[in-house]
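Chemist: Before anything else, here's the structure in question.
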Amino acid sequence: MMNRLAMLFLSLALVFSASSCASLGRLNPAYDSFDRGLALFNQGRFAAAVPYFEDATHENPEYAQAYFYLGRAYISQSKWRAAIQPLRAAFRLSPREAQQEIMDLILDATFAAALNDFGLGEERTPPPARPMELL
């Protein structure tokens, strides 16, 4: 009987320790803010997503994906100039394999902002949103 209780206790301890170790990376409040913002972003509610992405970047200044989606949310609202700074931060913090796509967005935003500022051409509209899997 004592052996069974000891084995049960040991099994439960292992299960709880494994589950708590797996969730340690998600205890940062930045992840909660980012997840809320991403849900809104995926619904096409870009303006509503911006404050959550901003919160995530304040809660974790090294969170590249939050900066990336903050920039994309601004681009989706044609707020080209506002998109440049978070995209630059995302570029700086991202792994090399993600940097080319981020650089393309930075160039697009800079070019569209310049065209809009000088009144050249029609008002630039954002490209269709596509999921980013590299970050």
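Here, A, B, ... name the chains of the structure tokens in the order displayed, residue numbers run from 1 inside each chain, and ligands are numbered from 1 in the same displayed order.
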Give me, as an MDAnalysis selection string, all polymer residues having an atom no more than 12 Å from Arg36 (chain A), counting only C-alpha atoms and skipping those fewer than 6 positions away in the same chain.

Modeler: chainID A and resid 29:30 42:43 45:46 48:56 66 69

Chemist: Restricting it to N, CA and C atoms, dump the selection as a PDB file, in the first residue's frame.

Modeler:
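For reference, result-v4.pdb as written:
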```pdb
ATOM      1  N   PRO A  29       3.715  38.317 -19.698  1.00  0.00           N
ATOM      2  CA  PRO A  29       2.469  38.961 -20.127  1.00  0.00           C
ATOM      3  C   PRO A  29       2.505  39.417 -21.583  1.00  0.00           C
ATOM      4  N   ALA A  30       3.693  39.574 -22.151  1.00  0.00           N
ATOM      5  CA  ALA A  30       3.787  39.984 -23.551  1.00  0.00           C
ATOM      6  C   ALA A  30       3.114  38.964 -24.464  1.00  0.00           C
ATOM      7  N   ASN A  42      -6.046  38.721 -37.171  1.00  0.00           N
ATOM      8  CA  ASN A  42      -6.544  37.663 -38.055  1.00  0.00           C
ATOM      9  C   ASN A  42      -8.012  37.837 -38.413  1.00  0.00           C
ATOM     10  N   GLN A  43      -8.737  38.623 -37.614  1.00  0.00           N
ATOM     11  CA  GLN A  43     -10.135  38.947 -37.917  1.00  0.00           C
ATOM     12  C   GLN A  43     -10.240  40.182 -38.810  1.00  0.00           C
ATOM     13  N   ARG A  45      -9.285  43.159 -37.845  1.00  0.00           N
ATOM     14  CA  ARG A  45      -9.519  44.312 -36.962  1.00  0.00           C
ATOM     15  C   ARG A  45      -8.164  44.912 -36.584  1.00  0.00           C
ATOM     16  N   PHE A  46      -7.521  45.521 -37.568  1.00  0.00           N
ATOM     17  CA  PHE A  46      -6.148  45.981 -37.431  1.00  0.00           C
ATOM     18  C   PHE A  46      -5.992  47.095 -36.401  1.00  0.00           C
ATOM     19  N   ALA A  48      -7.849  47.724 -33.842  1.00  0.00           N
ATOM     20  CA  ALA A  48      -8.072  47.169 -32.505  1.00  0.00           C
ATOM     21  C   ALA A  48      -6.881  46.333 -32.046  1.00  0.00           C
ATOM     22  N   ALA A  49      -6.136  45.772 -32.984  1.00  0.00           N
ATOM     23  CA  ALA A  49      -4.986  44.934 -32.637  1.00  0.00           C
ATOM     24  C   ALA A  49      -3.769  45.750 -32.216  1.00  0.00           C
ATOM     25  N   VAL A  50      -3.645  46.971 -32.718  1.00  0.00           N
ATOM     26  CA  VAL A  50      -2.460  47.797 -32.470  1.00  0.00           C
ATOM     27  C   VAL A  50      -2.134  47.957 -30.988  1.00  0.00           C
ATOM     28  N   PRO A  51      -3.094  48.320 -30.113  1.00  0.00           N
ATOM     29  CA  PRO A  51      -2.727  48.496 -28.700  1.00  0.00           C
ATOM     30  C   PRO A  51      -2.185  47.223 -28.047  1.00  0.00           C
ATOM     31  N   TYR A  52      -2.670  46.076 -28.459  1.00  0.00           N
ATOM     32  CA  TYR A  52      -2.180  44.818 -27.896  1.00  0.00           C
ATOM     33  C   TYR A  52      -0.753  44.531 -28.346  1.00  0.00           C
ATOM     34  N   PHE A  53      -0.465  44.789 -29.622  1.00  0.00           N
ATOM     35  CA  PHE A  53       0.903  44.608 -30.094  1.00  0.00           C
ATOM     36  C   PHE A  53       1.842  45.610 -29.432  1.00  0.00           C
ATOM     37  N   GLU A  54       1.362  46.846 -29.245  1.00  0.00           N
ATOM     38  CA  GLU A  54       2.185  47.844 -28.547  1.00  0.00           C
ATOM     39  C   GLU A  54       2.464  47.403 -27.112  1.00  0.00           C
ATOM     40  N   ASP A  55       1.431  46.895 -26.440  1.00  0.00           N
ATOM     41  CA  ASP A  55       1.629  46.399 -25.070  1.00  0.00           C
ATOM     42  C   ASP A  55       2.666  45.277 -25.049  1.00  0.00           C
ATOM     43  N   ALA A  56       2.584  44.378 -26.015  1.00  0.00           N
ATOM     44  CA  ALA A  56       3.531  43.256 -26.065  1.00  0.00           C
ATOM     45  C   ALA A  56       4.961  43.754 -26.240  1.00  0.00           C
ATOM     46  N   ALA A  66       6.079  40.579 -32.165  1.00  0.00           N
ATOM     47  CA  ALA A  66       5.137  41.635 -31.796  1.00  0.00           C
ATOM     48  C   ALA A  66       5.411  42.898 -32.612  1.00  0.00           C
ATOM     49  N   TYR A  69       4.177  42.262 -36.288  1.00  0.00           N
ATOM     50  CA  TYR A  69       2.735  42.370 -36.482  1.00  0.00           C
ATOM     51  C   TYR A  69       2.220  43.776 -36.196  1.00  0.00           C
TER      52      TYR A  69
END
```

Chemist: May I have the residues within 10 Å of Tyr67 (chain A) as a list in words, using only C-alpha atoms and disregarding those fewer than 4 positions away in the same chain?

Modeler: Phe34, Phe53, Glu54, Ala56, Thr57, Pro61, Glu62, Tyr63, Gly71, Arg72, Ala73, Ala83, Gln85, Pro86, Leu87, Arg88, Ala89, Ala90, Phe91, Leu93 and Ser94 of chain A

Chemist: Identify which of the residues A:Leu105, A:Ala112, A:Leu40, A:Ala47 lies closest to Arg81 (chain A), counting only C-alpha atoms when measuring atom-to-atom distances.

Modeler: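 For Arg81 (chain A), the nearest of the given residues is A:Ala112.
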
Chemist: Using only C-alpha atoms, which of the listed residues (A:Gln99, A:Gly44, A:Ala64, A:Asp108) sits closest to Trp80 (chain A)?

Modeler: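 The closest residue to Trp80 (chain A) is A:Asp108.
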
Chemist: Just the number, please: distance in Å from CA of Ala39 (chain A) to CA of Glu59 (chain A), one decimal.

Modeler: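 Separation between CA of Ala39 (chain A) and CA of Glu59 (chain A): 18.3 Å.
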
Chemist: Using Å and a single decimal, report how far CA of Ile84 (chain A) sits from CA of Asn28 (chain A).

Modeler: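 Pair CA of Asn28 (chain A) / CA of Ile84 (chain A) returns 25.8 Å.
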
Chemist: If I take CA of Ala109 (chain A) and CA of Asn60 (chain A), how far is one from the other in Å, to one decimal?

Modeler: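 For CA of Ala109 (chain A) relative to CA of Asn60 (chain A), the distance reads 24.4 Å.
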
Chemist: For each of A:Phe118, A:Phe111, A:Leu70, A:Phe41, take the minimum atom-to-atom distance to Ala82 (chain A), counting only C-alpha atoms, then give the residue where this is smallest.

Modeler: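 Using only C-alpha atoms, Ala82 (chain A) sits closest to A:Leu70.
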
Chemist: Hey, which of A:Leu115, A:Tyr31, A:Arg96, A:Gln77 ends up closest to Gln65 (chain A)? Count only C-alpha atoms.

Modeler: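 Smallest separation from Gln65 (chain A) among the options: A:Tyr31.
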